[in-house]
Amino acid sequence: MKHVLFVDVRNTARSRMAEVWFNRLAAGWGKADSCGTMPARIGDPCVVQVMREVGVTMPDRTPRPVKQQLLSRAEVIVILGKELNAEAFPAARVWDLPDPTHQPLPQYRLVRDAIYRNVEELIVDLRTLETQTRAPGWSISPLR
C-alpha cells in the first residue's frame with residue numbers, strides 16, 4: 001500500500017483536506033496522513049463545513065506535529081504551501097496553495113477544489129510509476 005504524508009504549517013486546513021481526499025480516492029490502494037510543523041491546538045471548523053458541502057465528513061482529530069514515525073513511513077511527502085522550507089523535506093513535492101485560514105468561505109472552497117485536483121493527479125502519477133516499475137523487462141539502473 002502506497003503511503004503519502006501531507007505537511008503544512010498548522011495541519012488544520014490544506015494538509016487535512018489532502019489527507020481526507022487521498023484516503024477517499026485511493027481507498028484500498030493508498031493511505032495518507034497529515035501533520036504540521038507548528039500544529040494548531042484545534043481543527044478549523046470552516047474546513048469541516050466546506051468538506052461537508054461536497055459530502056465528505058472530516059474525521060475529528062487534533063492537528064498533529066511532524067514526527068519521525070510519520071516521515072519514515074511515508075513513501076511520498078507533499079508540502080502544501082510555500083511557507084515551509086522545502087529543503088527540510090528532501091525529495092518532497094510542493095503544492096503552492098494558499099492557506100485559507102481566516103479567509104472567507106469562497107477561499108476555502110477554491111483551495112478544497114484545487115487540492116482535490118492535485119490529489120487526483122498525484123494518484124494517477126503514483127499508479128503510473130507503479131505500473132512502469134512493474135512492467136516486464138523494465139528496470140531502473142542506479143545512478144552512478
# chains A, B, ... in the order shown; residues from 1 in each chain; ligands from 1
>>> select_by_dssp(residues="stretch 16-119 of chain A", states="strand (DSSP E or B)", output="PyMOL selection string")
chain A and resi 30-36+65+76-80+93-95
>>> residues_around(residues="A:Ala114", least_positions_apart="2", cutoff="12 Å", atoms="only C-alpha atoms", output="list in words")
Arg14, Met17, Ala18, Trp21, Leu80, Trp95, Asp96, Leu97, Pro98, Asp99, Pro100, Gln107, Tyr108, Arg109, Leu110, Val111, Arg112, Tyr116, Arg117, Asn118, Val119, Glu120 and Glu121 of chain A
>>> write_last_selection(atoms="C-alpha atoms", output="mmCIF file, in the first residue's frame")
data_model
loop_
_atom_site.group_PDB
_atom_site.id
_atom_site.type_symbol
_atom_site.label_atom_id
_atom_site.label_comp_id
_atom_site.auth_asym_id
_atom_site.auth_seq_id
_atom_site.Cartn_x
_atom_site.Cartn_y
_atom_site.Cartn_z
ATOM 1 C CA ARG A 14 -4.751 22.183 3.426
ATOM 2 C CA MET A 17 -8.151 18.197 3.221
ATOM 3 C CA ALA A 18 -5.412 16.499 1.184
ATOM 4 C CA TRP A 21 -9.208 13.369 -0.282
ATOM 5 C CA LEU A 80 1.259 22.305 0.945
ATOM 6 C CA TRP A 95 1.927 22.292 -3.992
ATOM 7 C CA ASP A 96 1.837 26.088 -3.987
ATOM 8 C CA LEU A 97 -1.614 26.563 -2.493
ATOM 9 C CA PRO A 98 -2.578 29.492 -0.267
ATOM 10 C CA ASP A 99 -3.577 28.885 3.331
ATOM 11 C CA PRO A 100 -7.303 29.710 3.534
ATOM 12 C CA GLN A 107 -11.340 30.899 -0.499
ATOM 13 C CA TYR A 108 -11.689 27.611 1.403
ATOM 14 C CA ARG A 109 -13.766 26.221 -1.466
ATOM 15 C CA LEU A 110 -11.153 27.227 -4.047
ATOM 16 C CA VAL A 111 -8.390 25.568 -2.029
ATOM 17 C CA ARG A 112 -10.555 22.477 -1.391
ATOM 18 C CA TYR A 116 -8.921 17.584 -4.938
ATOM 19 C CA ARG A 117 -7.480 18.058 -8.446
ATOM 20 C CA ASN A 118 -3.903 17.800 -7.170
ATOM 21 C CA VAL A 119 -4.690 14.608 -5.245
ATOM 22 C CA GLU A 120 -6.285 13.095 -8.348
ATOM 23 C CA GLU A 121 -3.153 13.926 -10.360
#
>>> select_by_dssp(residues="stretch 68-99 of chain A", states="helix (DSSP H, G or I)", output="list in words")
Gln68, Gln69, Leu70, Leu71, Ser72, Arg73, Ala86, Glu87 and Ala88 of chain A
>>> closest_residue(among="A:Leu105, A:Ile115, A:Met38, A:Leu5", to="A:Arg64", atoms="only C-alpha atoms")
A:Met38
>>> closest_residue(among="A:Val9, A:Val76, A:Val56, A:Ala91", to="A:Leu126", atoms="only C-alpha atoms")
A:Val76
>>> atom_distance(atom1="atom CA of A:Ser72", atom2="atom CA of A:Ile42")
25.1 Å
>>> residues_around(residues="A:Arg16", least_positions_apart="2", cutoff="12 Å", atoms="only C-alpha atoms", output="PyMOL selection string")
chain A and resi 5-14+18-23+32-36+39+43-48+51+57-64+78-80+99+111-112+115-116
>>> write_last_selection(atoms="N, CA and C atoms", output="CSV table (one decimal), in the first residue's frame")
chain,number,residue,atom,x,y,z
A,5,LEU,N,2.4,11.4,2.9
A,5,LEU,CA,2.4,12.3,4.0
A,5,LEU,C,2.2,13.7,3.5
A,6,PHE,N,1.1,14.4,3.9
A,6,PHE,CA,0.9,15.8,3.6
A,6,PHE,C,1.3,16.7,4.8
A,7,VAL,N,2.1,17.7,4.5
A,7,VAL,CA,2.7,18.5,5.5
A,7,VAL,C,2.4,20.0,5.2
A,8,ASP,N,1.9,20.7,6.2
A,8,ASP,CA,1.8,22.2,6.1
A,8,ASP,C,2.2,22.7,7.5
A,9,VAL,N,1.9,24.0,7.7
A,9,VAL,CA,2.3,24.6,9.0
A,9,VAL,C,1.4,24.2,10.1
A,10,ARG,N,0.1,24.4,10.0
A,10,ARG,CA,-0.8,24.2,11.2
A,10,ARG,C,-1.5,22.9,11.2
A,11,ASN,N,-1.6,22.2,10.1
A,11,ASN,CA,-2.3,20.9,10.0
A,11,ASN,C,-3.8,21.1,10.3
A,12,THR,N,-4.4,22.2,9.9
A,12,THR,CA,-5.8,22.4,10.1
A,12,THR,C,-6.6,22.5,8.8
A,13,ALA,N,-6.0,22.9,7.7
A,13,ALA,CA,-6.8,23.1,6.5
A,13,ALA,C,-6.2,22.3,5.3
A,14,ARG,N,-5.2,22.8,4.7
A,14,ARG,CA,-4.8,22.2,3.4
A,14,ARG,C,-4.3,20.7,3.6
A,18,ALA,N,-6.2,17.4,2.1
A,18,ALA,CA,-5.4,16.5,1.2
A,18,ALA,C,-5.4,15.1,1.7
A,19,GLU,N,-5.2,14.9,3.0
A,19,GLU,CA,-5.3,13.6,3.6
A,19,GLU,C,-6.6,12.9,3.4
A,20,VAL,N,-7.7,13.6,3.7
A,20,VAL,CA,-9.0,13.1,3.5
A,20,VAL,C,-9.3,12.7,2.1
A,21,TRP,N,-9.0,13.6,1.2
A,21,TRP,CA,-9.2,13.4,-0.3
A,21,TRP,C,-8.4,12.1,-0.7
A,22,PHE,N,-7.1,12.1,-0.3
A,22,PHE,CA,-6.3,10.9,-0.8
A,22,PHE,C,-6.9,9.6,-0.2
A,23,ASN,N,-7.2,9.6,1.0
A,23,ASN,CA,-7.7,8.4,1.6
A,23,ASN,C,-9.1,7.9,1.0
A,32,ALA,N,-3.0,7.9,3.5
A,32,ALA,CA,-2.3,9.2,3.7
A,32,ALA,C,-2.5,9.6,5.2
A,33,ASP,N,-1.5,10.4,5.6
A,33,ASP,CA,-1.5,11.0,6.9
A,33,ASP,C,-1.2,12.5,6.7
A,34,SER,N,-1.4,13.3,7.7
A,34,SER,CA,-1.0,14.7,7.6
A,34,SER,C,-0.5,15.2,8.9
A,35,CYS,N,0.3,16.3,8.8
A,35,CYS,CA,0.9,16.8,10.0
A,35,CYS,C,1.3,18.3,9.7
A,36,GLY,N,1.7,19.0,10.8
A,36,GLY,CA,2.1,20.3,10.6
A,36,GLY,C,3.4,20.6,11.4
A,39,PRO,N,1.7,22.7,14.6
A,39,PRO,CA,0.3,22.4,14.6
A,39,PRO,C,-0.5,23.3,15.5
A,43,GLY,N,-8.8,21.9,15.2
A,43,GLY,CA,-9.0,22.0,13.8
A,43,GLY,C,-9.8,23.2,13.4
A,44,ASP,N,-9.9,23.4,12.1
A,44,ASP,CA,-10.6,24.6,11.5
A,44,ASP,C,-12.0,24.2,11.2
A,45,PRO,N,-13.0,24.8,11.8
A,45,PRO,CA,-14.4,24.5,11.5
A,45,PRO,C,-14.8,24.8,10.1
A,46,CYS,N,-14.2,25.8,9.5
A,46,CYS,CA,-14.5,26.1,8.1
A,46,CYS,C,-14.1,25.0,7.1
A,47,VAL,N,-13.1,24.3,7.4
A,47,VAL,CA,-12.7,23.1,6.6
A,47,VAL,C,-13.8,22.0,6.7
A,48,VAL,N,-14.3,21.8,7.9
A,48,VAL,CA,-15.3,20.8,8.1
A,48,VAL,C,-16.5,21.2,7.3
A,51,MET,N,-15.9,20.9,3.4
A,51,MET,CA,-15.9,19.5,3.0
A,51,MET,C,-17.3,18.8,3.1
A,57,THR,N,-17.1,13.8,5.2
A,57,THR,CA,-17.0,14.1,6.6
A,57,THR,C,-15.6,14.1,7.0
A,58,MET,N,-15.2,15.1,7.7
A,58,MET,CA,-13.8,15.2,8.2
A,58,MET,C,-13.7,14.4,9.6
A,59,PRO,N,-12.7,13.5,9.7
A,59,PRO,CA,-12.5,12.8,11.0
A,59,PRO,C,-12.2,13.8,12.0
A,60,ASP,N,-12.7,13.6,13.2
A,60,ASP,CA,-12.4,14.5,14.3
A,60,ASP,C,-11.1,14.1,15.0
A,61,ARG,N,-10.1,15.0,14.8
A,61,ARG,CA,-8.8,14.7,15.5
A,61,ARG,C,-8.1,16.0,15.6
A,62,THR,N,-7.2,16.0,16.6
A,62,THR,CA,-6.4,17.2,16.9
A,62,THR,C,-5.3,17.3,15.8
A,63,PRO,N,-4.9,18.5,15.4
A,63,PRO,CA,-3.8,18.6,14.5
A,63,PRO,C,-2.5,18.0,15.1
A,64,ARG,N,-1.7,17.3,14.2
A,64,ARG,CA,-0.6,16.6,14.6
A,64,ARG,C,0.7,17.3,14.2
A,78,VAL,N,4.3,15.4,0.5
A,78,VAL,CA,3.8,16.6,-0.2
A,78,VAL,C,3.7,17.8,0.8
A,79,ILE,N,4.4,18.9,0.4
A,79,ILE,CA,4.3,20.1,1.2
A,79,ILE,C,3.2,21.0,0.6
A,80,LEU,N,2.3,21.4,1.4
A,80,LEU,CA,1.3,22.3,0.9
A,80,LEU,C,1.6,23.7,1.3
A,99,ASP,N,-2.9,29.3,2.1
A,99,ASP,CA,-3.6,28.9,3.3
A,99,ASP,C,-4.9,29.7,3.4
A,111,VAL,N,-9.5,26.4,-2.5
A,111,VAL,CA,-8.4,25.6,-2.0
A,111,VAL,C,-8.8,24.1,-2.0
A,112,ARG,N,-10.0,23.8,-1.4
A,112,ARG,CA,-10.6,22.5,-1.4
A,112,ARG,C,-10.6,21.8,-2.8
A,115,ILE,N,-7.0,21.2,-4.2
A,115,ILE,CA,-6.4,20.1,-3.5
A,115,ILE,C,-7.0,18.8,-4.1
A,116,TYR,N,-8.3,18.8,-4.3
A,116,TYR,CA,-8.9,17.6,-4.9
A,116,TYR,C,-8.3,17.3,-6.3
>>> atom_distance(atom1="atom CA of A:Thr133", atom2="atom CA of A:Lys2")
13.8 Å
>>> residues_around(residues="A:His3", least_positions_apart="5", cutoff="7 Å", atoms="only C-alpha atoms", output="list in words")
Gly30, Lys31, Ala32, Arg73, Ala74, Glu75 and Val76 of chain A
>>> write_last_selection(atoms="C-alpha atoms", output="tab-separated table (two decimals), in the first residue's frame")
chain	number	residue	atom	x	y	z
A	30	GLY	CA	-3.03	4.01	-0.72
A	31	LYS	CA	-3.07	5.64	2.70
A	32	ALA	CA	-2.31	9.19	3.72
A	73	ARG	CA	6.53	5.61	6.95
A	74	ALA	CA	5.96	7.98	4.01
A	75	GLU	CA	6.94	6.94	0.51
A	76	VAL	CA	5.89	10.35	-0.80
